[in-house]
>>> print(open('target_13.txt').read())   # compact mmCIF, C-alpha atoms and all ligand atoms
# COMPACT_ATOMS: atom_id res chain seq x y z
CA MET A 1440 4.96 -15.71 2.43
CA ALA A 1441 2.11 -13.30 1.69
CA LYS A 1442 -0.25 -12.89 4.64
CA ALA A 1443 -3.14 -14.35 2.60
CA GLY A 1444 -1.35 -17.70 2.56
CA GLU A 1445 -0.77 -17.86 6.30
CA SER A 1446 -2.89 -20.29 8.26
CA ILE A 1447 -5.04 -19.17 11.17
CA THR A 1448 -6.58 -21.28 13.91
CA ILE A 1449 -10.05 -20.25 15.02
CA HIS A 1450 -11.46 -22.11 18.02
CA GLY A 1451 -9.23 -25.11 17.26
CA LYS A 1452 -10.08 -25.24 13.53
CA THR A 1453 -7.12 -24.42 11.32
CA LEU A 1454 -7.83 -22.53 8.11
CA LYS A 1455 -5.01 -23.18 5.64
CA ASN A 1456 -5.16 -19.56 4.53
CA ARG A 1457 -6.97 -16.29 5.23
CA LEU A 1458 -9.56 -16.62 2.46
CA THR A 1459 -13.11 -17.64 3.26
CA MET A 1460 -16.13 -18.12 1.04
CA ALA A 1461 -19.03 -15.93 2.10
CA PRO A 1462 -22.51 -17.44 2.29
CA THR A 1463 -24.25 -16.96 -1.06
CA VAL A 1464 -27.68 -18.49 -1.47
CA LYS A 1465 -28.66 -20.48 -4.55
CA PHE A 1466 -32.34 -19.69 -4.70
CA ASP A 1467 -33.34 -22.39 -7.14
CA TYR A 1468 -31.01 -25.28 -6.35
CA ALA A 1469 -33.10 -26.88 -3.57
CA GLY A 1470 -36.44 -28.55 -4.01
CA ALA A 1471 -39.56 -27.76 -1.99
CA ASP A 1472 -38.34 -30.32 0.56
CA GLY A 1473 -35.40 -28.01 1.36
CA LYS A 1474 -32.89 -30.78 0.74
CA VAL A 1475 -29.40 -30.42 -0.70
CA THR A 1476 -29.22 -31.31 -4.38
CA ASP A 1477 -26.35 -32.42 -6.64
CA LEU A 1478 -26.16 -28.82 -7.87
CA HIS A 1479 -25.25 -27.65 -4.35
CA ILE A 1480 -22.70 -30.41 -3.91
CA GLN A 1481 -20.98 -29.66 -7.22
CA HIS A 1482 -21.05 -25.92 -6.50
CA TYR A 1483 -19.33 -26.24 -3.12
CA ALA A 1484 -16.92 -28.96 -4.29
CA GLU A 1485 -15.70 -26.60 -7.05
CA ARG A 1486 -15.19 -23.76 -4.55
CA ALA A 1487 -13.43 -26.08 -2.10
CA LYS A 1488 -11.03 -27.13 -4.89
CA GLY A 1489 -10.56 -23.45 -5.73
CA GLY A 1490 -8.47 -22.99 -2.61
CA VAL A 1491 -10.40 -21.11 0.08
CA GLY A 1492 -9.56 -21.99 3.67
CA LEU A 1493 -13.17 -21.97 4.87
CA ILE A 1494 -16.55 -22.24 3.20
CA CYS A 1495 -19.65 -20.88 4.85
CA VAL A 1496 -22.56 -22.59 3.13
CA GLU A 1497 -25.42 -20.31 2.23
CA ALA A 1498 -28.30 -19.04 4.39
CA THR A 1499 -30.23 -22.14 5.41
CA ALA A 1500 -33.70 -21.94 6.89
CA VAL A 1501 -34.30 -23.13 10.45
CA THR A 1502 -38.07 -23.39 9.89
CA PRO A 1503 -40.09 -23.69 6.66
CA GLY A 1504 -41.65 -20.29 7.44
CA GLY A 1505 -38.22 -18.65 7.47
CA ARG A 1506 -37.29 -19.57 3.89
CA PHE A 1507 -36.50 -17.00 1.19
CA GLY A 1508 -38.74 -18.90 -1.21
CA GLU A 1509 -40.27 -22.27 -1.86
CA ASN A 1510 -37.01 -23.77 -3.17
CA HIS A 1511 -34.74 -22.79 -0.32
CA MET A 1512 -32.40 -25.11 1.52
CA GLY A 1513 -33.27 -25.95 5.11
CA LEU A 1514 -32.13 -27.78 8.22
CA TRP A 1515 -35.46 -27.81 10.00
CA GLU A 1516 -35.80 -31.59 10.01
CA ASP A 1517 -33.57 -34.63 10.30
CA ALA A 1518 -34.31 -35.82 6.76
CA GLN A 1519 -32.35 -32.81 5.50
CA ILE A 1520 -29.11 -33.85 7.23
CA GLU A 1521 -27.94 -36.52 4.78
CA GLY A 1522 -27.39 -34.28 1.73
CA HIS A 1523 -25.18 -31.93 3.73
CA LYS A 1524 -22.77 -34.79 4.45
CA ALA A 1525 -21.65 -34.68 0.80
CA ILE A 1526 -20.94 -30.94 1.09
CA THR A 1527 -18.93 -31.27 4.29
CA GLN A 1528 -17.05 -34.25 2.81
CA ALA A 1529 -16.18 -32.23 -0.31
CA CYS A 1530 -14.83 -29.45 1.93
CA HIS A 1531 -12.87 -31.74 4.22
CA ASP A 1532 -11.36 -33.61 1.23
CA GLU A 1533 -9.71 -30.29 0.31
CA ASN A 1534 -8.78 -29.40 3.90
CA VAL A 1535 -11.41 -26.66 3.97
CA VAL A 1536 -13.23 -25.79 7.20
CA ALA A 1537 -17.01 -26.02 6.67
CA LEU A 1538 -19.61 -23.81 8.35
CA ILE A 1539 -23.26 -23.34 7.52
CA GLN A 1540 -25.24 -20.15 7.93
CA LEU A 1541 -28.51 -20.53 9.85
CA ASN A 1542 -31.28 -18.09 9.15
CA HIS A 1543 -34.89 -17.03 9.52
CA THR A 1544 -36.32 -14.21 7.44
CA GLY A 1545 -38.50 -12.84 10.29
CA ILE A 1546 -40.51 -9.80 9.22
CA THR A 1547 -39.20 -10.14 5.65
CA ALA A 1548 -40.84 -13.58 5.35
CA ASN A 1549 -41.89 -14.65 1.90
CA PRO A 1550 -45.72 -14.87 2.15
CA LEU A 1551 -45.59 -18.12 0.16
CA CYS A 1552 -43.59 -19.63 3.02
CA GLY A 1553 -44.77 -18.08 6.25
CA GLU A 1554 -46.04 -15.19 8.30
CA ALA A 1555 -44.01 -11.99 8.78
CA ILE A 1556 -43.12 -12.29 12.45
CA GLY A 1557 -40.40 -10.50 14.36
CA PRO A 1558 -39.50 -8.63 17.52
CA SER A 1559 -42.24 -6.06 16.95
CA ALA A 1560 -45.24 -5.13 14.86
CA VAL A 1561 -43.80 -2.74 12.27
CA LYS A 1562 -44.58 -1.72 8.71
CA ILE A 1563 -43.28 -4.22 6.20
CA ARG A 1564 -42.42 -4.23 2.51
CA ASP A 1565 -45.91 -4.99 1.17
CA GLY A 1566 -47.42 -2.12 3.18
CA GLY A 1567 -48.85 -4.45 5.84
CA MET A 1568 -47.62 -5.00 9.39
CA SER A 1569 -45.48 -7.72 10.89
CA ARG A 1570 -46.66 -9.53 14.00
CA GLU A 1571 -44.80 -9.23 17.30
CA MET A 1572 -43.53 -12.58 18.55
CA SER A 1573 -44.68 -13.65 22.00
CA LEU A 1574 -42.07 -14.78 24.51
CA GLN A 1575 -43.15 -18.34 23.85
CA GLU A 1576 -42.61 -17.86 20.11
CA ILE A 1577 -39.18 -16.31 20.72
CA HIS A 1578 -38.16 -19.35 22.75
CA ALA A 1579 -39.52 -21.75 20.11
CA MET A 1580 -37.57 -19.86 17.42
CA GLN A 1581 -34.40 -20.10 19.50
CA ASP A 1582 -35.04 -23.85 19.80
CA ALA A 1583 -35.29 -24.05 15.99
CA PHE A 1584 -31.87 -22.40 15.58
CA VAL A 1585 -30.32 -24.72 18.18
CA SER A 1586 -31.88 -27.85 16.64
CA ALA A 1587 -30.61 -26.81 13.21
CA ALA A 1588 -27.10 -26.41 14.70
CA VAL A 1589 -27.32 -29.92 16.15
CA ARG A 1590 -28.27 -31.23 12.69
CA ALA A 1591 -25.39 -29.25 11.16
CA LYS A 1592 -22.99 -30.93 13.54
CA GLU A 1593 -24.38 -34.33 12.65
CA ALA A 1594 -23.88 -33.50 8.96
CA GLY A 1595 -20.19 -32.93 9.64
CA TYR A 1596 -19.99 -29.14 9.75
CA ASP A 1597 -17.15 -27.75 11.87
CA GLY A 1598 -19.48 -25.08 13.13
CA VAL A 1599 -22.32 -22.74 12.32
CA GLN A 1600 -22.70 -19.11 11.47
CA LEU A 1601 -25.76 -17.26 12.74
CA HIS A 1602 -27.12 -14.90 10.08
CA GLY A 1603 -27.20 -11.71 12.09
CA CYS A 1604 -27.13 -9.12 9.28
CA HIS A 1605 -28.82 -8.11 6.00
CA SER A 1606 -32.12 -7.34 7.75
CA TYR A 1607 -33.15 -10.88 8.69
CA LEU A 1608 -34.55 -12.00 12.05
CA ILE A 1609 -31.46 -11.76 14.28
CA ASN A 1610 -30.65 -8.39 12.72
CA GLN A 1611 -34.25 -7.27 13.34
CA PHE A 1612 -33.65 -7.71 17.08
CA LEU A 1613 -30.63 -5.36 16.87
CA ALA A 1614 -32.13 -2.48 14.92
CA LEU A 1615 -34.11 0.17 16.81
CA LYS A 1616 -36.45 0.55 13.85
CA THR A 1617 -37.60 -3.08 13.98
CA ASN A 1618 -37.26 -3.81 17.70
CA LEU A 1619 -39.62 -1.71 19.80
CA ARG A 1620 -39.88 -4.21 22.65
CA THR A 1621 -39.78 -3.13 26.26
CA ASP A 1622 -39.14 -6.60 27.72
CA GLU A 1623 -35.78 -8.36 28.11
CA TYR A 1624 -35.42 -8.66 24.31
CA GLY A 1625 -35.57 -4.92 23.59
CA GLY A 1626 -34.09 -1.64 24.75
CA SER A 1627 -30.41 -1.81 25.78
CA PRO A 1628 -27.76 -3.36 23.50
CA GLU A 1629 -27.55 -6.27 25.96
CA ASN A 1630 -31.30 -6.88 25.60
CA ARG A 1631 -31.29 -6.56 21.81
CA ALA A 1632 -28.39 -9.02 21.67
CA ARG A 1633 -30.20 -11.48 23.96
CA PHE A 1634 -32.15 -13.35 21.25
CA ALA A 1635 -28.93 -14.44 19.52
CA SER A 1636 -26.79 -14.62 22.68
CA GLU A 1637 -29.12 -17.20 24.21
CA ILE A 1638 -28.97 -19.21 20.96
CA ILE A 1639 -25.15 -19.08 21.02
CA ALA A 1640 -24.97 -20.23 24.65
CA ARG A 1641 -27.34 -23.12 23.99
CA ILE A 1642 -25.48 -24.19 20.84
CA ARG A 1643 -22.28 -24.24 22.88
CA GLU A 1644 -24.01 -26.37 25.51
CA VAL A 1645 -25.47 -28.94 23.13
CA CYS A 1646 -22.86 -29.00 20.33
CA GLY A 1647 -19.88 -29.05 22.67
CA LYS A 1648 -16.80 -26.99 23.31
CA ASP A 1649 -15.08 -27.83 19.99
CA PHE A 1650 -17.89 -26.60 17.74
CA LEU A 1651 -17.12 -23.28 16.06
CA ILE A 1652 -19.78 -20.59 16.49
CA SER A 1653 -19.60 -17.57 14.24
CA VAL A 1654 -21.98 -14.66 13.88
CA ARG A 1655 -22.27 -12.62 10.71
CA THR A 1656 -23.29 -9.46 12.41
CA ALA A 1657 -24.66 -6.12 11.23
CA GLY A 1658 -21.83 -3.71 11.91
CA ALA A 1659 -23.93 -0.54 11.92
CA ASP A 1660 -27.08 -1.43 13.83
CA PRO A 1661 -28.01 0.82 15.41
CA ASP A 1662 -24.58 2.40 14.83
CA LEU A 1663 -20.98 1.20 14.91
CA ASP A 1664 -20.52 1.58 18.70
CA GLY A 1665 -23.89 -0.04 19.41
CA ALA A 1666 -23.07 -2.90 17.05
CA ILE A 1667 -19.77 -3.48 18.84
CA ARG A 1668 -21.58 -3.58 22.21
CA VAL A 1669 -23.93 -6.20 20.82
CA ALA A 1670 -20.99 -8.21 19.47
CA GLU A 1671 -19.38 -8.11 22.93
CA GLU A 1672 -22.51 -9.86 24.22
CA TYR A 1673 -22.19 -12.49 21.49
CA VAL A 1674 -18.58 -13.07 22.48
CA LYS A 1675 -19.51 -13.37 26.17
CA ALA A 1676 -22.12 -15.98 25.18
CA GLY A 1677 -19.54 -18.06 23.28
CA CYS A 1678 -19.15 -16.62 19.77
CA ASP A 1679 -15.69 -17.52 18.40
CA TYR A 1680 -15.58 -15.59 15.15
CA LEU A 1681 -17.18 -12.35 13.99
CA GLN A 1682 -17.91 -11.81 10.32
CA VAL A 1683 -19.10 -8.28 9.77
CA SER A 1684 -21.49 -7.05 7.10
CA SER A 1685 -24.26 -4.50 6.62
CA GLY A 1686 -27.65 -4.40 8.32
CA ILE A 1687 -30.83 -2.37 8.42
CA GLY A 1688 -29.48 1.08 9.26
CA PRO A 1689 -27.27 3.29 7.09
CA ILE A 1690 -23.48 3.21 7.40
CA ASP A 1691 -21.75 6.47 8.28
CA PRO A 1692 -19.65 7.11 5.14
CA SER A 1693 -17.03 8.98 7.16
CA ILE A 1694 -15.79 5.70 8.64
CA VAL A 1695 -13.92 5.00 5.39
CA PRO A 1696 -10.46 6.55 5.68
CA GLU A 1697 -9.44 8.84 2.83
CA GLY A 1698 -7.68 6.90 0.09
CA ALA A 1699 -8.74 3.53 1.51
CA SER A 1700 -8.85 0.63 -0.94
CA TYR A 1701 -12.07 -0.67 0.62
CA ASN A 1702 -15.70 0.43 0.93
CA ASP A 1703 -17.98 1.34 3.87
CA VAL A 1704 -19.23 -2.21 4.61
CA CYS A 1705 -15.69 -3.49 4.68
CA ALA A 1706 -14.72 -0.52 6.89
CA LEU A 1707 -17.14 -1.79 9.56
CA GLY A 1708 -15.14 -5.02 9.70
CA VAL A 1709 -11.89 -3.08 9.90
CA TYR A 1710 -13.24 -1.27 12.98
CA PHE A 1711 -14.38 -4.54 14.55
CA HIS A 1712 -10.96 -6.04 13.88
CA GLU A 1713 -9.25 -3.19 15.68
CA HIS A 1714 -11.66 -3.46 18.61
CA PHE A 1715 -11.46 -7.27 19.01
CA ARG A 1716 -7.75 -7.57 18.09
CA GLY A 1717 -6.09 -10.47 19.90
CA ARG A 1718 -9.41 -11.64 21.40
CA VAL A 1719 -11.76 -12.69 18.59
CA PRO A 1720 -10.90 -13.15 14.90
CA VAL A 1721 -12.82 -10.87 12.55
CA SER A 1722 -13.62 -11.20 8.86
CA CYS A 1723 -14.24 -8.31 6.45
CA VAL A 1724 -16.40 -8.55 3.36
CA ASN A 1725 -17.78 -6.60 0.44
CA GLY A 1726 -16.39 -5.38 -2.83
CA LEU A 1727 -13.13 -7.31 -2.52
CA LEU A 1728 -13.07 -8.45 -6.12
CA THR A 1729 -9.39 -8.33 -7.03
CA PRO A 1730 -6.31 -10.06 -5.55
CA GLU A 1731 -4.84 -6.57 -4.94
CA ALA A 1732 -7.81 -5.47 -2.80
CA VAL A 1733 -7.72 -8.70 -0.78
CA ASN A 1734 -3.96 -8.65 -0.26
CA ASP A 1735 -3.92 -4.95 0.65
CA LEU A 1736 -6.34 -5.53 3.52
CA LEU A 1737 -4.43 -8.52 4.85
CA GLU A 1738 -0.92 -7.10 4.40
CA LYS A 1739 -1.95 -3.97 6.32
CA ASP A 1740 -3.30 -6.19 9.10
CA LEU A 1741 -6.78 -4.64 8.82
CA THR A 1742 -8.57 -7.97 9.15
CA ASP A 1743 -7.91 -11.56 10.19
CA THR A 1744 -9.65 -13.17 7.21
CA VAL A 1745 -11.26 -11.94 4.00
CA ASP A 1746 -14.71 -13.19 3.12
CA LEU A 1747 -15.27 -13.59 -0.63
CA GLY A 1748 -18.73 -13.56 -2.16
CA ARG A 1749 -19.04 -12.68 -5.83
CA ALA A 1750 -15.32 -13.18 -6.55
CA VAL A 1751 -15.62 -16.93 -5.95
CA LEU A 1752 -19.05 -17.18 -7.55
CA ALA A 1753 -17.56 -15.66 -10.69
CA ASP A 1754 -14.47 -17.84 -10.56
CA PRO A 1755 -13.96 -20.62 -7.99
CA ASP A 1756 -10.20 -20.39 -8.69
CA PHE A 1757 -10.00 -16.74 -7.57
CA PRO A 1758 -8.17 -17.73 -4.32
CA LYS A 1759 -5.33 -19.18 -6.42
CA ALA A 1760 -4.82 -15.75 -8.01
CA VAL A 1761 -4.75 -14.11 -4.56
CA LEU A 1762 -2.09 -16.54 -3.41
CA ASP A 1763 -0.05 -16.54 -6.63
CA PRO A 1764 0.33 -13.35 -8.70
CA ALA A 1765 1.12 -15.47 -11.77
CA ALA A 1766 -2.26 -17.26 -11.69
CA SER A 1767 -5.05 -15.88 -13.86
CA TYR A 1768 -8.71 -15.54 -12.95
CA VAL A 1769 -11.95 -14.18 -14.36
CA LYS A 1770 -12.96 -11.00 -12.58
CA CYS A 1771 -16.53 -10.52 -11.36
CA PHE A 1772 -18.29 -7.91 -13.51
CA ALA A 1773 -20.08 -6.52 -10.43
CA CYS A 1774 -23.41 -6.43 -12.27
CA PRO A 1775 -25.87 -3.97 -10.70
CA ARG A 1776 -27.88 -7.02 -9.63
CA CYS A 1777 -25.76 -10.12 -9.26
CA GLN A 1778 -26.64 -12.41 -12.17
CA TYR A 1779 -25.75 -15.44 -10.05
CA GLY A 1780 -29.04 -14.70 -8.32
CA PRO A 1781 -32.48 -16.27 -8.48
CA GLY A 1782 -33.11 -18.52 -11.39
CA MET A 1783 -30.22 -17.41 -13.47
CA PRO A 1784 -26.75 -18.50 -12.41
CA LYS A 1785 -25.97 -19.22 -16.05
CA LYS A 1786 -26.38 -15.51 -16.82
CA CYS A 1787 -23.31 -14.61 -14.75
CA PRO A 1788 -21.08 -13.02 -17.44
CA ALA A 1789 -17.89 -14.03 -15.63
CA LEU A 1790 -19.03 -17.62 -15.45
CA MET A 1791 -19.81 -17.59 -19.17
CA LYS A 1792 -16.41 -16.07 -19.93
CA ARG A 1793 -14.80 -18.76 -17.81
CA MET A 1794 -16.61 -21.53 -19.66
CA GLN A 1795 -15.17 -20.18 -22.93
CA LYS A 1796 -11.60 -20.28 -21.58
C1 LIG A 1801 -26.05 -14.31 -5.20
C2 LIG A 1801 -25.81 -13.85 -3.80
C3 LIG A 1801 -26.33 -14.56 -2.73
C4 LIG A 1801 -26.07 -14.15 -1.41
N1 LIG A 1801 -26.54 -14.91 -0.36
C5 LIG A 1801 -26.19 -14.58 0.91
C6 LIG A 1801 -26.51 -15.44 1.99
O1 LIG A 1801 -27.05 -16.53 1.83
N2 LIG A 1801 -26.16 -15.02 3.24
C7 LIG A 1801 -25.50 -13.84 3.48
O2 LIG A 1801 -25.21 -13.50 4.63
N3 LIG A 1801 -25.15 -13.05 2.45
C8 LIG A 1801 -25.45 -13.39 1.19
N4 LIG A 1801 -25.02 -12.61 0.14
C9 LIG A 1801 -24.10 -11.50 0.42
C10 LIG A 1801 -22.65 -11.99 0.28
O3 LIG A 1801 -22.32 -12.96 1.24
C11 LIG A 1801 -21.66 -10.81 0.41
O4 LIG A 1801 -21.79 -10.23 1.67
C12 LIG A 1801 -21.90 -9.76 -0.66
O5 LIG A 1801 -22.02 -10.36 -1.95
C13 LIG A 1801 -20.74 -8.76 -0.70
O6 LIG A 1801 -19.50 -9.41 -0.85
P1 LIG A 1801 -18.77 -9.52 -2.29
O7 LIG A 1801 -18.53 -8.13 -2.75
O8 LIG A 1801 -17.50 -10.28 -1.99
O9 LIG A 1801 -19.70 -10.25 -3.20
C14 LIG A 1801 -25.29 -12.98 -1.16
C15 LIG A 1801 -24.79 -12.26 -2.25
C16 LIG A 1801 -25.01 -12.69 -3.54
C17 LIG A 1801 -24.41 -11.91 -4.69
>>> encode(input="target_13.txt", output="structure tokens", more="lines below")
Ligand SMILES: Cc1cc2nc3c(=O)[nH]c(=O)nc-3n(C[C@H](O)[C@H](O)[C@H](O)COP(=O)(O)O)c2cc1C
Amino acid sequence: MAKAGESITIHGKTLKNRLTMAPTVKFDYAGADGKVTDLHIQHYAERAKGGVGLICVEATAVTPGGRFGENHMGLWEDAQIEGHKAITQACHDENVVALIQLNHTGITANPLCGEAIGPSAVKIRDGGMSREMSLQEIHAMQDAFVSAAVRAKEAGYDGVQLHGCHSYLINQFLALKTNLRTDEYGGSPENRARFASEIIARIREVCGKDFLISVRTAGADPDLDGAIRVAEEYVKAGCDYLQVSSGIGPIDPSIVPEGASYNDVCALGVYFHEHFRGRVPVSCVNGLLTPEAVNDLLEKDLTDTVDLGRAVLADPDFPKAVLDPAASYVKCFACPRCQYGPGMPKKCPALMKRMQK
């Protein structure tokens, strides 16, 4: 059997294959109340039927101030739990492990939703400055992540993924550019990891030993070695699964071996996989848009699982084509700006092509 079709057990949860759906936010599916809508449920049910082994539901705000926009899904209050039960049910009906990604935007806060707060006062996108969080605010923010994880468990999720990359709050603690603190949350890799490590340890304590805790970490902040040291702290705190993506700092292009079939972001995951081999499963992501690219990575044992973003937005049945060379699929057009984005999922050319099939 091809490696992609082999099961893998991560912290007691068995994925029926090595294909996972990456978190991909639907900016306009939720209402202002942050609740799950039928659009979300249908979206995830289709992807669960498509054959992935695990779905990580999109970035979900742990406080209203940490939303991407006014119509962004949240788990900051109990009333938001119920809708998620339909998503986890749809996953479990297809024997798909269900995680949810917990996030706060931090210094990249949408001004319509909240204040730009983070580890330090630094220049932000609109030319203004973010505000440094006090220790009390840091602890309250950690509480918000932990409470959201408790709600996720109640909704039936098998675990959570902390959003630790793509320049959001947890990532801002890692990067030297955004974390200038001199207290226990800044300075050494151990200190910069502390914000998330303490969240991980508390989630383990309150959600129990069976709950899966993943971190989607920034593999190059402040550089590859530094990012691995941070990830070691996450693992010590109880992280069971590392999904590696990009962050705030640039990626050294020389980490991509000559002739490799994968890009620089994916190369970070390949390095993590080598480092954590046999200890912690690692997932690679980015630019893996064909069955050949996915299978190449797995057959060469360069990763434990492959995280699929646009490929399964474009065609929920993409995993079937990875697992069976005879199956057809609609390839993502890799638009310069993903057309599955804000306000316009119907503009995705692959989706339109699929509807005509
Ligand atoms: C429409 C869209 C929404 C996304 N939302 C999220 C998100 O909620 N959380 C996250 O960590 N990454 C998010 N991403 C990044 C993807 O998870 C993934 O890392 C990226 O698309 C690269 O992988 P791909 O080449 O397989 O698409 C998003 C990407 C797209 C295109």
>>> residues_near_ligand(input="target_13.txt", ligand="ligand LIG 1801 (chain A)", cutoff="9 Å", atoms="only C-alpha atoms and all ligand atoms", output="count of residues only")
49
>>> residues_around(input="target_13.txt", residues="range 1471-1486 of chain A", least_positions_apart="2", cutoff="10 Å", atoms="only C-alpha atoms", output="PyMOL selection string")
chain A and resi 1460+1464-1465+1467-1469+1488-1491+1493-1497+1499-1500+1503+1506+1508-1516+1518-1533+1535+1751-1752+1754-1758
>>> residues_around(input="target_13.txt", residues="Pro1764 in chain A", least_positions_apart="2", cutoff="12 Å", atoms="all atoms listed in the file", output="MDAnalysis selection string")
chainID A and resid 1441 1443 1729:1731 1734 1757:1762 1766:1768
>>> closest_residue(input="target_13.txt", among="A:Lys1442, A:His1543, A:His1450, A:Arg1716", to="Gln1611 in chain A", atoms="all atoms listed in the file")
A:His1543
>>> residues_around(input="target_13.txt", residues="Phe1612 in chain A", least_positions_apart="6", cutoff="7 Å", atoms="only C-alpha atoms", output="list in words")
Pro1558, Asn1618 and Arg1631 of chain A
>>> closest_residue(input="target_13.txt", among="A:Met1572, A:Leu1741, A:Ala1789, A:Ala1732", to="Glu1554 in chain A", atoms="only C-alpha atoms")
A:Met1572
>>> residues_around(input="target_13.txt", residues="Arg1718 in chain A", least_positions_apart="4", cutoff="12 Å", atoms="only C-alpha atoms", output="PyMOL selection string")
chain A and resi 1449-1450+1671+1674-1675+1678-1681+1711-1714+1743
>>> residues_around(input="target_13.txt", residues="Ser1586 in chain A", least_positions_apart="4", cutoff="10 Å", atoms="all atoms listed in the file", output="VMD selection string")
chain A and resid 1501 1514 to 1517 1580 to 1582 1590 to 1592 1641 to 1642 1645 to 1646
>>> atom_distance(input="target_13.txt", atom1="CA of Ala1537 in chain A", atom2="CA of Leu1651 in chain A")
9.8 Å
>>> atom_distance(input="target_13.txt", atom1="CA of Met1568 in chain A", atom2="CA of Leu1663 in chain A")
27.9 Å
>>> closest_residue(input="target_13.txt", among="A:Ser1569, A:Ser1700, A:Thr1621, A:Ser1446", to="Leu1608 in chain A", atoms="all atoms listed in the file")
A:Ser1569
>>> atom_distance(input="target_13.txt", atom1="CA of Thr1502 in chain A", atom2="CA of Ser1627 in chain A")
27.9 Å
>>> closest_residue(input="target_13.txt", among="A:Glu1576, A:Gly1598, A:Ala1588, A:Gly1504", to="Ala1555 in chain A", atoms="only C-alpha atoms")
A:Gly1504
